[in-house]
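Right, one structure below, let's go through it.
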Amino acid sequence: MSVLKGKRVLLGVSGGIAAYKAVELLRLLTKEDAVVDVIMTPTATHFVGPETFRALSGRPVLIDLFDRAGGEGGSTVVIPHLEPAEAADLAIVAPATANTLAKMALGIADNALVTTLLSVTAPVLAAPAMDSDMWLHPATQANVELLRQRGVHFVGPGTGQLARRNVGPGRMAEPEEIVAKARRILQGRSQSQLLAGRRIVVTAGGTREPLDPVRFISNRSSGKMGFALAQAALDLGAEVDLIAAPTALAPPRGCRCVEVETALQMRREVLERLDASDAVIMAAAVADWRAEEVPEHKVKKGDADRWTITLVKNPDIAAEVGARKKSGQVLVAFAAETERLREHATEKLKKKRADLVVANDVSRTEIGFGADENQVTLFYADGRIEELPQMRKEELALELMQRVGRLLAQGGGA
Ligand code: CTP
């Protein structure tokens, strides 16, 4: 049975060529037995007539906040948007034009759609559609970033043929893709208490190993994956301890965040919390090496043309957690590989006694370090291997935390 069955979906259609695709989207949603309230911006009516949406949804279509109940001469209903806004399990804005996204970002309420969206507490999914220049404009990008930070989900835009016959990013995601994303969001919601009562430790970022008081060695980890995992664990109801090596990111609201610099500091913070935790998610890129000696004062270059540093191995935090964890506790480790993914990941699974190794190929630049998307293969302690499709790190984080939830529900790791 589809997760959309019986769900109230608010479909906002703003004015762009892609509005015709919203008709197919509506058809797919109703095919899965969702109850859809369509709200159009006045501009959208220039592209598709409201009658089409009315006929397909079997419900009134809202365009004007002062629509009259009972037709002309009927009583004026001044707040007809509140019922669909309150009842919505999900709001989809497709197409979401640059103008509508900008209004959403600023909280402007000058038409029925954006006014309604201000009252929506359900998740919002936007499918942007515009020409490439508008999509790539810093104003649009800043608005999208702001909306993302506020929890708005996005699908697309894809790259392809656009209205002005130019090719580039801005093409609205296909209706099937939008429905698939809507299902995933609702599935995530229906499991919103999957980790309730669980305490999860998440590590994130790349540790910094000092060479002297001003210099350090580190790595290219942005911390995005770890922070997204902390957020996903919170979304699923867990109590979260985020042990973060330096990143440029703000910690998700609601988690306890401890900032650390070095692998040794991270180790101490993780091990301190181990006994009280249900799961440890080692998303941090822990430096494998640190300088054997760290001088108290800055190393001056003087006349030297060489500086030899001896590095010593850092303790493997994940392996220590694996060795100490009790039955029922779950350990997730990450493997960033550039070759022989399966072989290396399986080796890590054993060496660290992890319950799950999340492996990705960091030689691919569009995924992995610093990127917004990732594509991973999961290696489970029981021998199962699961390949996940490429997706945004926030979405992947939710998929991973749902699996952690399931492992815990099955009695945790070995
Ligand atoms: N890890 C750790 N402590 C370390 C190093 C890594 O806990 N000192 C954790 C990371 O957080 C990650 C996993 O172990 O979850 C990565 O495994 P690791 O063996 O370090 O992989 P690589 O650094 O990729 O090592 P190599 O390339 O040598 O296989």
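So you can find residues: chains in the structure tokens are A, B, ... in the order shown, residues in each start at 1, and ligands are numbered from 1 in order.
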
What are the closest atom pairs, with distances in Å to one decimal, for all residues of chain A lying within 10 Å of ligand 1? Consider only C-alpha atoms and all ligand atoms, order rows by chain and residue number, and present the result as JSON lines.
{"residue": "A:Val202", "atom": "CA", "partner": "ligand 1", "partner_atom_place_in_ligand_line": "11 (O)", "distance": 9.6}
{"residue": "A:Thr203", "atom": "CA", "partner": "ligand 1", "partner_atom_place_in_ligand_line": "11 (O)", "distance": 7.2}
{"residue": "A:Ala204", "atom": "CA", "partner": "ligand 1", "partner_atom_place_in_ligand_line": "11 (O)", "distance": 7.9}
{"residue": "A:Gly205", "atom": "CA", "partner": "ligand 1", "partner_atom_place_in_ligand_line": "11 (O)", "distance": 9.1}
{"residue": "A:Gly206", "atom": "CA", "partner": "ligand 1", "partner_atom_place_in_ligand_line": "11 (O)", "distance": 9.0}
{"residue": "A:Thr207", "atom": "CA", "partner": "ligand 1", "partner_atom_place_in_ligand_line": "8 (N)", "distance": 9.5}
{"residue": "A:Gly226", "atom": "CA", "partner": "ligand 1", "partner_atom_place_in_ligand_line": "11 (O)", "distance": 9.9}
{"residue": "A:Ala263", "atom": "CA", "partner": "ligand 1", "partner_atom_place_in_ligand_line": "8 (N)", "distance": 6.6}
{"residue": "A:Leu264", "atom": "CA", "partner": "ligand 1", "partner_atom_place_in_ligand_line": "8 (N)", "distance": 8.7}
{"residue": "A:Met266", "atom": "CA", "partner": "ligand 1", "partner_atom_place_in_ligand_line": "7 (O)", "distance": 9.0}
{"residue": "A:Arg267", "atom": "CA", "partner": "ligand 1", "partner_atom_place_in_ligand_line": "7 (O)", "distance": 7.9}
{"residue": "A:Val270", "atom": "CA", "partner": "ligand 1", "partner_atom_place_in_ligand_line": "7 (O)", "distance": 9.6}
{"residue": "A:Val280", "atom": "CA", "partner": "ligand 1", "partner_atom_place_in_ligand_line": "15 (O)", "distance": 9.7}
{"residue": "A:Ile281", "atom": "CA", "partner": "ligand 1", "partner_atom_place_in_ligand_line": "15 (O)", "distance": 7.4}
{"residue": "A:Met282", "atom": "CA", "partner": "ligand 1", "partner_atom_place_in_ligand_line": "11 (O)", "distance": 4.2}
{"residue": "A:Ala283", "atom": "CA", "partner": "ligand 1", "partner_atom_place_in_ligand_line": "11 (O)", "distance": 5.0}
{"residue": "A:Ala284", "atom": "CA", "partner": "ligand 1", "partner_atom_place_in_ligand_line": "11 (O)", "distance": 4.4}
{"residue": "A:Ala285", "atom": "CA", "partner": "ligand 1", "partner_atom_place_in_ligand_line": "11 (O)", "distance": 5.1}
{"residue": "A:Val286", "atom": "CA", "partner": "ligand 1", "partner_atom_place_in_ligand_line": "5 (C)", "distance": 4.5}
{"residue": "A:Ala287", "atom": "CA", "partner": "ligand 1", "partner_atom_place_in_ligand_line": "8 (N)", "distance": 5.8}
{"residue": "A:Asp288", "atom": "CA", "partner": "ligand 1", "partner_atom_place_in_ligand_line": "8 (N)", "distance": 4.6}
{"residue": "A:Trp289", "atom": "CA", "partner": "ligand 1", "partner_atom_place_in_ligand_line": "8 (N)", "distance": 7.6}
{"residue": "A:Arg290", "atom": "CA", "partner": "ligand 1", "partner_atom_place_in_ligand_line": "8 (N)", "distance": 9.8}
{"residue": "A:Lys313", "atom": "CA", "partner": "ligand 1", "partner_atom_place_in_ligand_line": "8 (N)", "distance": 7.7}
{"residue": "A:Asn314", "atom": "CA", "partner": "ligand 1", "partner_atom_place_in_ligand_line": "8 (N)", "distance": 5.1}
{"residue": "A:Pro315", "atom": "CA", "partner": "ligand 1", "partner_atom_place_in_ligand_line": "8 (N)", "distance": 5.0}
{"residue": "A:Asp316", "atom": "CA", "partner": "ligand 1", "partner_atom_place_in_ligand_line": "3 (N)", "distance": 3.5}
{"residue": "A:Ile317", "atom": "CA", "partner": "ligand 1", "partner_atom_place_in_ligand_line": "7 (O)", "distance": 3.6}
{"residue": "A:Ala318", "atom": "CA", "partner": "ligand 1", "partner_atom_place_in_ligand_line": "7 (O)", "distance": 3.6}
{"residue": "A:Ala319", "atom": "CA", "partner": "ligand 1", "partner_atom_place_in_ligand_line": "7 (O)", "distance": 6.4}
{"residue": "A:Glu320", "atom": "CA", "partner": "ligand 1", "partner_atom_place_in_ligand_line": "7 (O)", "distance": 7.8}
{"residue": "A:Val321", "atom": "CA", "partner": "ligand 1", "partner_atom_place_in_ligand_line": "7 (O)", "distance": 8.2}
{"residue": "A:Gly322", "atom": "CA", "partner": "ligand 1", "partner_atom_place_in_ligand_line": "7 (O)", "distance": 9.6}
{"residue": "A:Leu331", "atom": "CA", "partner": "ligand 1", "partner_atom_place_in_ligand_line": "15 (O)", "distance": 9.1}
{"residue": "A:Val332", "atom": "CA", "partner": "ligand 1", "partner_atom_place_in_ligand_line": "15 (O)", "distance": 6.9}
{"residue": "A:Ala333", "atom": "CA", "partner": "ligand 1", "partner_atom_place_in_ligand_line": "15 (O)", "distance": 3.5}
{"residue": "A:Phe334", "atom": "CA", "partner": "ligand 1", "partner_atom_place_in_ligand_line": "15 (O)", "distance": 3.7}
{"residue": "A:Ala335", "atom": "CA", "partner": "ligand 1", "partner_atom_place_in_ligand_line": "16 (C)", "distance": 4.9}
{"residue": "A:Ala336", "atom": "CA", "partner": "ligand 1", "partner_atom_place_in_ligand_line": "24 (O)", "distance": 5.0}
{"residue": "A:Glu337", "atom": "CA", "partner": "ligand 1", "partner_atom_place_in_ligand_line": "24 (O)", "distance": 6.1}
{"residue": "A:Thr338", "atom": "CA", "partner": "ligand 1", "partner_atom_place_in_ligand_line": "27 (O)", "distance": 8.8}
{"residue": "A:His344", "atom": "CA", "partner": "ligand 1", "partner_atom_place_in_ligand_line": "29 (O)", "distance": 6.7}
{"residue": "A:Ala345", "atom": "CA", "partner": "ligand 1", "partner_atom_place_in_ligand_line": "29 (O)", "distance": 8.5}
{"residue": "A:Glu347", "atom": "CA", "partner": "ligand 1", "partner_atom_place_in_ligand_line": "29 (O)", "distance": 8.8}
{"residue": "A:Lys348", "atom": "CA", "partner": "ligand 1", "partner_atom_place_in_ligand_line": "19 (O)", "distance": 6.1}
{"residue": "A:Leu349", "atom": "CA", "partner": "ligand 1", "partner_atom_place_in_ligand_line": "17 (O)", "distance": 9.1}
{"residue": "A:Lys351", "atom": "CA", "partner": "ligand 1", "partner_atom_place_in_ligand_line": "19 (O)", "distance": 8.4}
{"residue": "A:Lys352", "atom": "CA", "partner": "ligand 1", "partner_atom_place_in_ligand_line": "14 (O)", "distance": 7.7}
{"residue": "A:Ala354", "atom": "CA", "partner": "ligand 1", "partner_atom_place_in_ligand_line": "15 (O)", "distance": 9.2}
{"residue": "A:Leu356", "atom": "CA", "partner": "ligand 1", "partner_atom_place_in_ligand_line": "15 (O)", "distance": 9.9}
{"residue": "A:Val357", "atom": "CA", "partner": "ligand 1", "partner_atom_place_in_ligand_line": "15 (O)", "distance": 7.7}
{"residue": "A:Val358", "atom": "CA", "partner": "ligand 1", "partner_atom_place_in_ligand_line": "15 (O)", "distance": 8.2}
{"residue": "A:Ala359", "atom": "CA", "partner": "ligand 1", "partner_atom_place_in_ligand_line": "16 (C)", "distance": 9.2}
{"residue": "A:Val362", "atom": "CA", "partner": "ligand 1", "partner_atom_place_in_ligand_line": "24 (O)", "distance": 9.8}

Give me the residues near Thr116 of chain A as a PyMOL selection string, where near means some atom within 7 Å (using only C-alpha atoms) and where sequence neighbours in that chain fewer than 3 positions away do not count. chain A and resi 81-82+85+112-113+119-120

**OP:** Do a neighbour search on segment 29-31 of chain A at 12 Å with only C-alpha atoms, toss out local chain neighbours closer than 3 positions, and write the hits as a PyMOL selection string.
**Re:** chain A and resi 1-11+22-26+34-38+53+55-59+90+92+175-183

Saved selection, atoms kept: N, CA, C and O atoms, as a compact mmCIF listing (two decimals), in the first residue's frame:
# COMPACT_ATOMS: atom_id res chain seq x y z
N MET A 1 0.84 -1.20 0.00
CA MET A 1 0.00 0.00 0.00
C MET A 1 0.88 1.26 0.00
O MET A 1 1.88 1.31 0.71
N SER A 2 0.50 2.22 -0.81
CA SER A 2 1.32 3.43 -0.88
C SER A 2 1.16 4.26 0.39
O SER A 2 0.07 4.37 0.94
N VAL A 3 2.27 4.84 0.81
CA VAL A 3 2.26 5.69 1.99
C VAL A 3 1.40 6.94 1.75
O VAL A 3 0.96 7.62 2.67
N LEU A 4 1.11 7.21 0.46
CA LEU A 4 0.30 8.38 0.10
C LEU A 4 -1.20 8.16 0.29
O LEU A 4 -1.98 9.11 0.30
N LYS A 5 -1.59 6.91 0.44
CA LYS A 5 -3.02 6.59 0.54
C LYS A 5 -3.68 7.36 1.70
O LYS A 5 -3.22 7.28 2.84
N GLY A 6 -4.73 8.10 1.35
CA GLY A 6 -5.49 8.85 2.35
C GLY A 6 -4.80 10.10 2.87
O GLY A 6 -5.34 10.81 3.71
N LYS A 7 -3.60 10.36 2.39
CA LYS A 7 -2.86 11.54 2.89
C LYS A 7 -3.39 12.81 2.23
O LYS A 7 -3.78 12.80 1.06
N ARG A 8 -3.40 13.90 3.01
CA ARG A 8 -3.80 15.18 2.45
C ARG A 8 -2.56 15.87 1.90
O ARG A 8 -1.59 16.11 2.63
N VAL A 9 -2.59 16.14 0.60
CA VAL A 9 -1.45 16.79 -0.04
C VAL A 9 -1.90 18.15 -0.58
O VAL A 9 -2.94 18.24 -1.23
N LEU A 10 -1.14 19.17 -0.24
CA LEU A 10 -1.44 20.48 -0.78
C LEU A 10 -0.51 20.66 -1.97
O LEU A 10 0.72 20.59 -1.82
N LEU A 11 -1.07 20.84 -3.16
CA LEU A 11 -0.22 20.99 -4.34
C LEU A 11 -0.26 22.45 -4.79
O LEU A 11 -1.30 22.95 -5.24
N ALA A 22 2.46 19.66 -13.71
CA ALA A 22 1.77 19.52 -12.42
C ALA A 22 0.46 18.74 -12.60
O ALA A 22 -0.04 18.14 -11.66
N VAL A 23 -0.08 18.77 -13.82
CA VAL A 23 -1.31 18.01 -14.10
C VAL A 23 -1.02 16.52 -13.97
O VAL A 23 -1.75 15.77 -13.31
N GLU A 24 0.09 16.10 -14.55
CA GLU A 24 0.49 14.68 -14.46
C GLU A 24 0.83 14.33 -13.00
O GLU A 24 0.47 13.25 -12.52
N LEU A 25 1.47 15.27 -12.32
CA LEU A 25 1.80 15.04 -10.92
C LEU A 25 0.52 14.81 -10.11
O LEU A 25 0.44 13.87 -9.31
N LEU A 26 -0.46 15.65 -10.33
CA LEU A 26 -1.74 15.50 -9.63
C LEU A 26 -2.37 14.14 -9.94
O LEU A 26 -2.88 13.45 -9.05
N ALA A 34 -4.12 9.77 -2.75
CA ALA A 34 -3.92 10.96 -1.91
C ALA A 34 -5.08 11.91 -2.17
O ALA A 34 -5.67 11.90 -3.24
N VAL A 35 -5.43 12.70 -1.16
CA VAL A 35 -6.47 13.71 -1.32
C VAL A 35 -5.75 15.03 -1.56
O VAL A 35 -5.02 15.50 -0.68
N VAL A 36 -5.92 15.60 -2.76
CA VAL A 36 -5.06 16.73 -3.13
C VAL A 36 -5.86 18.04 -3.24
O VAL A 36 -6.87 18.11 -3.95
N ASP A 37 -5.39 19.05 -2.51
CA ASP A 37 -5.95 20.40 -2.65
C ASP A 37 -4.97 21.20 -3.49
O ASP A 37 -3.80 21.33 -3.12
N VAL A 38 -5.47 21.71 -4.62
CA VAL A 38 -4.58 22.48 -5.49
C VAL A 38 -4.76 23.98 -5.22
O VAL A 38 -5.87 24.47 -5.10
N PHE A 53 -7.30 21.05 -13.04
CA PHE A 53 -6.94 20.59 -11.70
C PHE A 53 -8.19 20.23 -10.89
O PHE A 53 -8.20 19.27 -10.14
N ALA A 55 -11.05 19.15 -12.05
CA ALA A 55 -11.63 17.89 -12.53
C ALA A 55 -10.81 16.70 -12.03
O ALA A 55 -11.37 15.69 -11.58
N LEU A 56 -9.49 16.85 -12.08
CA LEU A 56 -8.64 15.70 -11.69
C LEU A 56 -8.60 15.47 -10.18
O LEU A 56 -8.47 14.34 -9.72
N SER A 57 -8.68 16.56 -9.41
CA SER A 57 -8.60 16.37 -7.95
C SER A 57 -9.97 16.13 -7.35
O SER A 57 -10.09 15.59 -6.26
N GLY A 58 -11.01 16.56 -8.08
CA GLY A 58 -12.38 16.43 -7.56
C GLY A 58 -12.62 17.38 -6.40
O GLY A 58 -13.52 17.17 -5.59
N ARG A 59 -11.80 18.42 -6.30
CA ARG A 59 -11.91 19.37 -5.19
C ARG A 59 -11.76 20.79 -5.72
O ARG A 59 -11.20 20.99 -6.80
N LEU A 90 1.50 16.95 3.70
CA LEU A 90 2.66 17.32 2.89
C LEU A 90 2.23 18.43 1.93
O LEU A 90 1.11 18.39 1.41
N ILE A 92 3.42 20.25 -1.63
CA ILE A 92 4.35 20.17 -2.76
C ILE A 92 4.18 21.43 -3.59
O ILE A 92 3.06 21.79 -3.94
N PRO A 175 7.40 14.22 -12.88
CA PRO A 175 6.37 13.93 -11.87
C PRO A 175 6.63 12.64 -11.08
O PRO A 175 6.44 12.61 -9.87
N GLU A 176 7.11 11.59 -11.73
CA GLU A 176 7.39 10.32 -11.03
C GLU A 176 8.43 10.53 -9.94
O GLU A 176 8.35 9.97 -8.85
N GLU A 177 9.44 11.35 -10.29
CA GLU A 177 10.53 11.62 -9.35
C GLU A 177 9.98 12.40 -8.13
O GLU A 177 10.36 12.16 -6.99
N ILE A 178 9.08 13.33 -8.41
CA ILE A 178 8.51 14.15 -7.33
C ILE A 178 7.67 13.26 -6.40
O ILE A 178 7.77 13.35 -5.18
N VAL A 179 6.90 12.35 -7.01
CA VAL A 179 6.07 11.45 -6.19
C VAL A 179 6.98 10.53 -5.35
O VAL A 179 6.72 10.29 -4.16
N ALA A 180 8.07 10.05 -5.95
CA ALA A 180 8.98 9.17 -5.22
C ALA A 180 9.56 9.90 -4.01
O ALA A 180 9.66 9.34 -2.91
N LYS A 181 9.91 11.15 -4.23
CA LYS A 181 10.46 11.96 -3.13
C LYS A 181 9.39 12.19 -2.05
O LYS A 181 9.68 12.11 -0.86
N ALA A 182 8.16 12.45 -2.50
CA ALA A 182 7.06 12.67 -1.56
C ALA A 182 6.86 11.42 -0.69
O ALA A 182 6.69 11.52 0.52
N ARG A 183 6.92 10.27 -1.33
CA ARG A 183 6.77 9.00 -0.57
C ARG A 183 7.86 8.88 0.48
O ARG A 183 7.60 8.52 1.62

Which neighbours of Leu195 of chain A fall inside 12 Å, counting only C-alpha atoms, when residues of the same chain fewer than 4 positions from it are skipped, and could you give them as JSON, numbers by chain? {"A": [188, 191, 199, 200, 230, 232, 233, 234, 235, 236, 237, 238, 239, 240, 278, 279, 398, 401, 402, 403, 404, 405, 406, 407, 408, 409]}

* Please measure the separation of atom CA of Thr41 of chain A and atom CA of Ser14 of chain A, giving the value in Å to one decimal. =>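 Between these atoms lies a distance of 5.1 Å.
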
- Task: Find the spatial neighbours of segment 363-365 of chain A, counting only C-alpha atoms, within a cut-off of 12 Å - ignore same-chain residues fewer than 3 positions away - and output them as a list in words.
- Result: Ala336, Glu337, Thr338, Glu339, Arg340, Leu341, Asn360, Gly368, Phe369, Gly370, Ala371, Asp372, Glu373, Asn374, Gln375, Val376 and Gln390 of chain A

(message) For a quick check of understanding, using only C-alpha atoms, which of A:Ala397, A:Ala173, A:Leu271, A:Ile108 has the smallest distance to Arg324 of chain A?
(response)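 Once distances to Arg324 of chain A are computed over only C-alpha atoms, the minimum belongs to A:Leu271.
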
### Residue contacts of Pro169 of chain A (10 Å, only C-alpha atoms) excluding same-chain residues fewer than 2 positions away, as an NGL selection string
:A and (129-136 or 156-162 or 166-167 or 171-172)

Atom CA of Glu174 of chain A sits from atom CA of Met391 of chain A at a separation of 15.8 Å

DSSP-assigned strand (DSSP E) members of segment 69-183 of chain A, reported as a ChimeraX atom specification: /A:90-96,124-128,153-154,158-161,167-171

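One finds atom CA of Ala87 of chain A at 18.0 Å from atom CA of Ile63 of chain A.
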